[in-house]
Amino acid sequence: MSTDIHSEKILILDFGSQYTQLIARRIREAHVYCELHPFDMSLDAIRAFAPKGIILSGGPKSVYEPGAPAVEEALFELGVPVLGICYGMQLMARHFGGEVVPAGKREFGHADLLAVGAPGPLFDGFFAEGKSPVWMSHGDHVAKVPPGFQVVAETANAPVCAIQDTDRSLYGVQFHPEVNHTPRGEILLDTFVRQICGCSGQWTPGQIIEDSVARIREQVGSDRVILGLSGGVDSSVAAALIHRAIGDQLTCVFVDNGLLRLEEGDQVMATFAQNLGVKVIRVDAEERFLTALAGETDPEKKRKIIGGLFVDIFEEESAKIEDAKWLAQGTIYPDVIESAGAKTGKAHNIKSHHNVGGLPDYMKLKLLEPLRELFKDEVRAIGEEMGLPHQMVWRHPFPGPGLGVRILGEVKKEYADILRRADSIYIEELYASGHYHKISQAFAVFLPVKSVGVMGDGRTYEYVVALRAVETKDFMTAGWYPLPYEDLGRISGRIINEVKGVNRVVYDVSSKPPATIEWE
C-alpha cells in the first residue's frame, strides 16, 4: 500500500526574502513536503492546508513600518509549531508583546552565534562548544523578549538572536539557517520539521515516483497524451515518468529548431526512442525558425518568435495524433512560484522564458504537469532513480529558445554552426578537466563582431566567442567561476584552431547581479 506523501506538510509564508525558495529546498532535503505561499494567505486556507508546522520567512521591511506585511493574529493560536526567520522572528516577537527596534549596528554577513543557557529542542546538535557560525542579514533586532519566551542565543551585535517558547512550540531565529553560509543550518531545519513538527520523512525519490505514476494514471485514464520534448532535464524526466505510467498512450513531439547543441537531436532520439521505447516524432524545423528570425535583433522579440513558432509547429503535429486529450509539460515548482508572483505583482518580469499554463485557448487540451511540485534538484534525483543517463540528468540548464539567445543580435545558420561547435569543445574540456560538475552553468556565446587576428602568415578578420561559467545555488544570484588560466588557454586554443570563423575567445567575469547569467 502506497504512502500519502502529502499527508505531512510544512507551510512557508513568504514575506519577500530573496532566500525563501532556499527554505523550501532545505525542507525538501529533509524528505518533508512543503509549499511556499504569500504571507497574506487566509486563515481558512491555512486550516484547509493542515500544516504540521509553519515557517515565517525573512523579508526586506521593518515590522514597525506603516503597512508592513503581517499575518492574521490567530495563526499563532492554531496549535502547530511556528518558526520565524529574521523578519518572521521579529513579527512573532512583536505580536506577543516584545519590542523590535532599529539595530545600533546592522549585521550583514558572517557572525558567531553564541549559546545562552540551555539550547532547547530546536538547537539540538546545532552548537559546537557553545557557538556556531551563521549568516546575518538584518537592520532591526528584538530589544525586548516577549513574555513566555527565553533567549537561546546571541551575537556580538544582537543580544537576542534566537528565542523560544517551548510550551507553545514557537521559535525564532534572527539569522538565516537556509543559506549555505550557515554551515549547520540544515541541522536546525531538519530538527524543526522532523523532531518538533513530528514529520517522518516520506518525501523521497522512490515515493515521489510511485505517487506521480499513480496520479498520472488516475488523471489520464485511457486518454492519449502528447508532450513537447526539448531534450532538457525537465521535459526528459517528465517524459520518462509519464511513459512509466501510461506507456504507449504517450507520444512525444521533438521540434528540432536548428538552435540546439551539437548532435543534441540525435542524442534525444537515441535516449528516448531507441533505449526507452518512447514514441517520439522528430520534426526538422531549422529552416522555418531561421526564416522567422531573419533580421530580428531584439532579444525579447527573438524569444517570442521562437516560442510562438514552436507552438504553431507543435499544434500542427498534435493535430495528426488522433484522440489526444492531454498536453504534458515539464513545468517545475520554481516556474509555478514565479508565475504566481508575476500575476500578483510581487515579481518583476525579467524575461519571458517559462510556459506555465501558457496554452492557447484553441488547442483544447487539458494540461498534465507531473513535475510542478518539484525543485530542479528533485527532478534530477527522480530522473536518476528512473535510470535516465547521468549526463542527461545532470546537464547544465539550457534556455528554452536555445542558441537563439546565445547568438547576440540576428540569428543565422552560420552563427549557430560556429557556436555549437565552440560550445561543444568548451563543455568537452570542462568534463575532461573535472570542472563541469563544480560549475552550475557553463556555455559559449557568439558575438557578431569581427576582430583582427593573425593565423600563419596571414591576417584574419573573424568572429569573437565569449565563454561563461557561473557558480550558484539558486540562480537568483551567481558568481563567475574562477577557471584556471591553463584550462582557459587550452579551451581558447582548441576553439580558435578547430572552429573556422573564430579568431578570438574571451572569458566573462561578471556576477549576477548586476549582469544576468545568460547574455540575452
# chains A, B, ... in the order shown; residues from 1 in each chain; ligands from 1
>>> residues_around(residues="Val142 of chain A", least_positions_apart="3", cutoff="7 Å", atoms="only C-alpha atoms", output="PyMOL selection string")
chain A and resi 90+99-101+145+160
>>> write_last_selection(atoms="all heavy atoms", output="CSV table (one decimal), in the first residue's frame")
chain,number,residue,atom,x,y,z
A,90,GLN,N,11.0,38.7,14.2
A,90,GLN,CA,10.6,40.0,14.7
A,90,GLN,C,9.1,40.1,14.7
A,90,GLN,O,8.5,40.7,15.7
A,90,GLN,CB,11.2,41.0,13.8
A,90,GLN,CG,12.7,41.0,13.8
A,90,GLN,CD,13.4,41.8,12.7
A,90,GLN,OE1,12.7,42.6,12.0
A,90,GLN,NE2,14.7,41.7,12.5
A,99,GLU,N,9.6,43.9,21.8
A,99,GLU,CA,9.9,45.1,21.2
A,99,GLU,C,11.0,45.0,20.2
A,99,GLU,O,12.0,44.3,20.4
A,99,GLU,CB,10.5,46.1,22.3
A,99,GLU,CG,10.7,47.5,21.8
A,99,GLU,CD,11.2,48.5,22.9
A,99,GLU,OE1,11.3,48.0,24.0
A,99,GLU,OE2,11.5,49.6,22.5
A,100,VAL,N,10.7,45.5,19.0
A,100,VAL,CA,11.7,45.5,17.9
A,100,VAL,C,12.1,46.9,17.5
A,100,VAL,O,11.3,47.8,17.4
A,100,VAL,CB,11.0,44.8,16.6
A,100,VAL,CG1,12.0,44.8,15.4
A,100,VAL,CG2,10.5,43.4,16.9
A,101,VAL,N,13.4,47.1,17.4
A,101,VAL,CA,13.9,48.4,17.2
A,101,VAL,C,15.0,48.3,16.1
A,101,VAL,O,15.6,47.3,15.8
A,101,VAL,CB,14.5,49.0,18.5
A,101,VAL,CG1,13.5,49.1,19.5
A,101,VAL,CG2,15.7,48.2,18.9
A,145,VAL,N,12.3,40.8,24.9
A,145,VAL,CA,11.8,39.5,24.6
A,145,VAL,C,10.3,39.4,25.1
A,145,VAL,O,10.0,39.9,26.2
A,145,VAL,CB,12.6,38.4,25.3
A,145,VAL,CG1,12.1,37.0,25.1
A,145,VAL,CG2,14.1,38.5,24.9
A,160,VAL,N,19.7,39.4,21.3
A,160,VAL,CA,18.6,38.5,21.2
A,160,VAL,C,18.6,37.9,19.8
A,160,VAL,O,18.1,38.6,18.8
A,160,VAL,CB,17.2,39.1,21.5
A,160,VAL,CG1,16.1,38.1,21.3
A,160,VAL,CG2,17.2,39.7,22.9
>>> residues_around(residues="segment 79-82 of chain A", least_positions_apart="5", cutoff="9 Å", atoms="only C-alpha atoms", output="PDB file with N, CA, C and O atoms, in the first residue's frame")
ATOM      1  N   PRO A  51      -1.197  22.229   7.900  1.00  0.00           N
ATOM      2  CA  PRO A  51       0.258  22.034   8.033  1.00  0.00           C
ATOM      3  C   PRO A  51       0.629  21.372   9.352  1.00  0.00           C
ATOM      4  O   PRO A  51      -0.054  21.555  10.365  1.00  0.00           O
ATOM      5  N   LYS A  52       1.731  20.622   9.321  1.00  0.00           N
ATOM      6  CA  LYS A  52       2.290  20.085  10.565  1.00  0.00           C
ATOM      7  C   LYS A  52       3.143  21.141  11.261  1.00  0.00           C
ATOM      8  O   LYS A  52       3.462  21.014  12.439  1.00  0.00           O
ATOM      9  N   GLY A  53       3.533  22.174  10.515  1.00  0.00           N
ATOM     10  CA  GLY A  53       4.312  23.270  11.061  1.00  0.00           C
ATOM     11  C   GLY A  53       4.308  24.432  10.084  1.00  0.00           C
ATOM     12  O   GLY A  53       3.999  24.256   8.898  1.00  0.00           O
ATOM     13  N   ILE A  54       4.616  25.626  10.586  1.00  0.00           N
ATOM     14  CA  ILE A  54       4.610  26.844   9.759  1.00  0.00           C
ATOM     15  C   ILE A  54       5.950  27.555   9.931  1.00  0.00           C
ATOM     16  O   ILE A  54       6.466  27.688  11.049  1.00  0.00           O
ATOM     17  N   ILE A  55       6.505  28.021   8.808  1.00  0.00           N
ATOM     18  CA  ILE A  55       7.735  28.817   8.839  1.00  0.00           C
ATOM     19  C   ILE A  55       7.437  30.194   8.268  1.00  0.00           C
ATOM     20  O   ILE A  55       6.846  30.306   7.186  1.00  0.00           O
ATOM     21  N   LEU A  56       7.803  31.232   8.994  1.00  0.00           N
ATOM     22  CA  LEU A  56       7.657  32.609   8.535  1.00  0.00           C
ATOM     23  C   LEU A  56       9.012  33.071   8.015  1.00  0.00           C
ATOM     24  O   LEU A  56      10.005  33.062   8.746  1.00  0.00           O
ATOM     25  N   ARG A 168       4.487  26.427  23.801  1.00  0.00           N
ATOM     26  CA  ARG A 168       3.600  26.653  22.653  1.00  0.00           C
ATOM     27  C   ARG A 168       4.266  26.293  21.323  1.00  0.00           C
ATOM     28  O   ARG A 168       3.695  26.539  20.260  1.00  0.00           O
ATOM     29  N   SER A 169       5.469  25.726  21.385  1.00  0.00           N
ATOM     30  CA  SER A 169       6.232  25.344  20.182  1.00  0.00           C
ATOM     31  C   SER A 169       6.410  26.526  19.232  1.00  0.00           C
ATOM     32  O   SER A 169       6.174  26.418  18.027  1.00  0.00           O
ATOM     33  N   LEU A 170       6.850  27.660  19.782  1.00  0.00           N
ATOM     34  CA  LEU A 170       7.126  28.860  18.999  1.00  0.00           C
ATOM     35  C   LEU A 170       8.619  29.158  19.065  1.00  0.00           C
ATOM     36  O   LEU A 170       9.200  29.228  20.162  1.00  0.00           O
ATOM     37  N   TYR A 171       9.230  29.340  17.899  1.00  0.00           N
ATOM     38  CA  TYR A 171      10.682  29.523  17.829  1.00  0.00           C
ATOM     39  C   TYR A 171      11.004  30.655  16.852  1.00  0.00           C
ATOM     40  O   TYR A 171      10.310  30.853  15.856  1.00  0.00           O
ATOM     41  N   GLY A 172      12.074  31.390  17.146  1.00  0.00           N
ATOM     42  CA  GLY A 172      12.503  32.453  16.248  1.00  0.00           C
ATOM     43  C   GLY A 172      14.006  32.545  16.188  1.00  0.00           C
ATOM     44  O   GLY A 172      14.691  32.375  17.207  1.00  0.00           O
ATOM     45  N   PHE A 192      13.599  21.009  13.208  1.00  0.00           N
ATOM     46  CA  PHE A 192      12.276  21.627  13.317  1.00  0.00           C
ATOM     47  C   PHE A 192      11.209  20.742  12.679  1.00  0.00           C
ATOM     48  O   PHE A 192      10.181  20.455  13.301  1.00  0.00           O
ATOM     49  N   ILE A 196      10.425  18.532  16.016  1.00  0.00           N
ATOM     50  CA  ILE A 196       9.431  19.397  16.654  1.00  0.00           C
ATOM     51  C   ILE A 196       8.056  19.248  15.988  1.00  0.00           C
ATOM     52  O   ILE A 196       7.025  19.167  16.669  1.00  0.00           O
ATOM     53  N   CYS A 197       8.030  19.193  14.646  1.00  0.00           N
ATOM     54  CA  CYS A 197       6.749  19.051  13.942  1.00  0.00           C
ATOM     55  C   CYS A 197       6.315  17.593  13.807  1.00  0.00           C
ATOM     56  O   CYS A 197       5.169  17.317  13.449  1.00  0.00           O
TER      57      CYS A 197
END
>>> atom_distance(atom1="atom CA of Ala444 of chain A", atom2="atom CA of Leu467 of chain A")
4.6 Å
>>> residues_around(residues="Thr297 of chain A", least_positions_apart="4", cutoff="8 Å", atoms="only C-alpha atoms", output="PyMOL selection string")
chain A and resi 301-302+408-411
>>> select_by_dssp(residues="segment 124-244 of chain A", states="alpha helix (DSSP H)", output="PyMOL selection string")
chain A and resi 185-190+205-220+233-244
>>> residues_around(residues="segment 238-248 of chain A", least_positions_apart="6", cutoff="9 Å", atoms="only C-alpha atoms", output="NGL selection string")
:A and (209 or 212-217 or 220-222 or 224-225 or 227-229 or 272 or 276-279 or 328-331 or 369-371 or 379 or 382-383 or 386 or 388)
>>> write_last_selection(atoms="N, CA, C and O atoms", output="CSV table (one decimal), in the first residue's frame")
chain,number,residue,atom,x,y,z
A,209,ILE,N,8.1,9.1,-7.2
A,209,ILE,CA,7.8,8.4,-8.5
A,209,ILE,C,6.6,7.5,-8.4
A,209,ILE,O,5.7,7.6,-9.2
A,212,SER,N,3.6,9.8,-8.2
A,212,SER,CA,3.3,10.5,-9.5
A,212,SER,C,2.7,9.6,-10.5
A,212,SER,O,1.8,9.9,-11.3
A,213,VAL,N,3.3,8.3,-10.6
A,213,VAL,CA,2.7,7.4,-11.6
A,213,VAL,C,1.3,7.1,-11.3
A,213,VAL,O,0.4,7.0,-12.2
A,214,ALA,N,0.9,6.9,-10.0
A,214,ALA,CA,-0.5,6.7,-9.6
A,214,ALA,C,-1.4,7.8,-10.0
A,214,ALA,O,-2.5,7.6,-10.5
A,215,ARG,N,-0.9,9.1,-9.7
A,215,ARG,CA,-1.7,10.2,-10.0
A,215,ARG,C,-1.9,10.4,-11.5
A,215,ARG,O,-3.0,10.8,-12.0
A,216,ILE,N,-0.8,10.2,-12.3
A,216,ILE,CA,-0.9,10.3,-13.8
A,216,ILE,C,-2.0,9.3,-14.3
A,216,ILE,O,-2.8,9.6,-15.1
A,217,ARG,N,-1.9,8.1,-13.9
A,217,ARG,CA,-2.9,7.0,-14.3
A,217,ARG,C,-4.3,7.4,-13.9
A,217,ARG,O,-5.2,7.3,-14.7
A,220,VAL,N,-5.3,10.6,-16.3
A,220,VAL,CA,-5.3,10.4,-17.7
A,220,VAL,C,-6.3,9.3,-18.1
A,220,VAL,O,-7.0,9.3,-19.1
A,221,GLY,N,-6.4,8.2,-17.3
A,221,GLY,CA,-7.2,7.1,-17.6
A,221,GLY,C,-6.7,6.4,-18.9
A,221,GLY,O,-5.5,6.1,-19.0
A,222,SER,N,-7.5,6.3,-19.9
A,222,SER,CA,-7.2,5.7,-21.2
A,222,SER,C,-6.9,6.7,-22.2
A,222,SER,O,-6.7,6.4,-23.4
A,224,ARG,N,-5.0,9.7,-24.5
A,224,ARG,CA,-3.7,9.9,-25.1
A,224,ARG,C,-3.1,11.2,-24.7
A,224,ARG,O,-3.8,12.2,-24.5
A,225,VAL,N,-1.8,11.2,-24.5
A,225,VAL,CA,-1.1,12.4,-24.1
A,225,VAL,C,0.0,12.7,-25.1
A,225,VAL,O,0.7,11.9,-25.6
A,227,LEU,N,3.5,15.3,-25.6
A,227,LEU,CA,4.5,16.1,-24.8
A,227,LEU,C,5.5,16.7,-25.8
A,227,LEU,O,6.0,16.0,-26.6
A,228,GLY,N,5.8,18.0,-25.6
A,228,GLY,CA,6.9,18.6,-26.3
A,228,GLY,C,8.2,18.4,-25.7
A,228,GLY,O,8.5,18.9,-24.6
A,229,LEU,N,9.0,17.5,-26.3
A,229,LEU,CA,10.3,17.0,-25.8
A,229,LEU,C,11.4,18.0,-26.3
A,229,LEU,O,11.5,18.1,-27.5
A,272,PHE,N,15.5,8.3,-26.0
A,272,PHE,CA,14.0,8.0,-25.8
A,272,PHE,C,13.4,7.0,-26.7
A,272,PHE,O,12.8,6.0,-26.3
A,276,LEU,N,14.5,3.7,-24.5
A,276,LEU,CA,13.4,3.7,-23.6
A,276,LEU,C,12.1,3.2,-24.2
A,276,LEU,O,11.1,3.0,-23.6
A,277,GLY,N,12.1,3.2,-25.6
A,277,GLY,CA,10.9,2.8,-26.3
A,277,GLY,C,9.8,3.8,-26.3
A,277,GLY,O,8.6,3.4,-26.5
A,278,VAL,N,10.1,5.1,-26.0
A,278,VAL,CA,9.1,6.1,-26.0
A,278,VAL,C,8.8,6.5,-27.5
A,278,VAL,O,9.7,6.6,-28.3
A,279,LYS,N,7.5,6.7,-27.8
A,279,LYS,CA,7.2,7.1,-29.2
A,279,LYS,C,7.5,8.6,-29.3
A,279,LYS,O,7.0,9.5,-28.6
A,328,ALA,N,1.3,17.4,-22.0
A,328,ALA,CA,2.2,17.4,-20.9
A,328,ALA,C,3.3,18.4,-21.0
A,328,ALA,O,3.8,18.7,-22.1
A,329,GLN,N,3.7,19.0,-19.9
A,329,GLN,CA,4.7,20.0,-19.8
A,329,GLN,C,5.7,19.7,-18.7
A,329,GLN,O,5.2,19.2,-17.6
A,330,GLY,N,6.9,20.1,-18.8
A,330,GLY,CA,7.9,19.9,-17.8
A,330,GLY,C,8.0,21.0,-16.8
A,330,GLY,O,9.1,21.4,-16.3
A,331,THR,N,6.8,21.7,-16.5
A,331,THR,CA,6.8,22.8,-15.5
A,331,THR,C,7.3,22.3,-14.2
A,331,THR,O,6.8,21.2,-13.7
A,369,GLU,N,1.0,18.2,-15.7
A,369,GLU,CA,2.3,18.7,-15.3
A,369,GLU,C,2.8,17.9,-14.1
A,369,GLU,O,2.7,18.3,-13.0
A,370,PRO,N,3.4,16.8,-14.4
A,370,PRO,CA,3.8,15.9,-13.3
A,370,PRO,C,4.9,16.3,-12.4
A,370,PRO,O,5.1,15.8,-11.3
A,371,LEU,N,5.6,17.4,-12.8
A,371,LEU,CA,6.8,17.9,-12.0
A,371,LEU,C,6.5,19.2,-11.3
A,371,LEU,O,7.4,19.8,-10.7
A,379,VAL,N,13.9,16.9,-9.4
A,379,VAL,CA,13.7,16.4,-10.8
A,379,VAL,C,14.9,15.5,-11.2
A,379,VAL,O,14.8,14.4,-11.7
A,382,ILE,N,14.9,12.1,-9.2
A,382,ILE,CA,14.0,11.1,-9.7
A,382,ILE,C,14.3,10.6,-11.1
A,382,ILE,O,14.1,9.5,-11.5
A,383,GLY,N,15.0,11.5,-11.9
A,383,GLY,CA,15.5,11.1,-13.2
A,383,GLY,C,16.5,10.0,-13.1
A,383,GLY,O,16.5,9.0,-13.8
A,386,MET,N,15.0,6.7,-12.1
A,386,MET,CA,14.3,6.0,-13.2
A,386,MET,C,15.3,5.5,-14.2
A,386,MET,O,14.9,4.9,-15.2
A,388,LEU,N,17.6,7.3,-16.2
A,388,LEU,CA,18.0,8.2,-17.3
A,388,LEU,C,19.5,8.4,-17.2
A,388,LEU,O,20.1,8.3,-16.1
>>> residues_around(residues="Phe39 of chain A", least_positions_apart="4", cutoff="6 Å", atoms="only C-alpha atoms", output="list in words")
Leu13, Asp14 and Phe15 of chain A
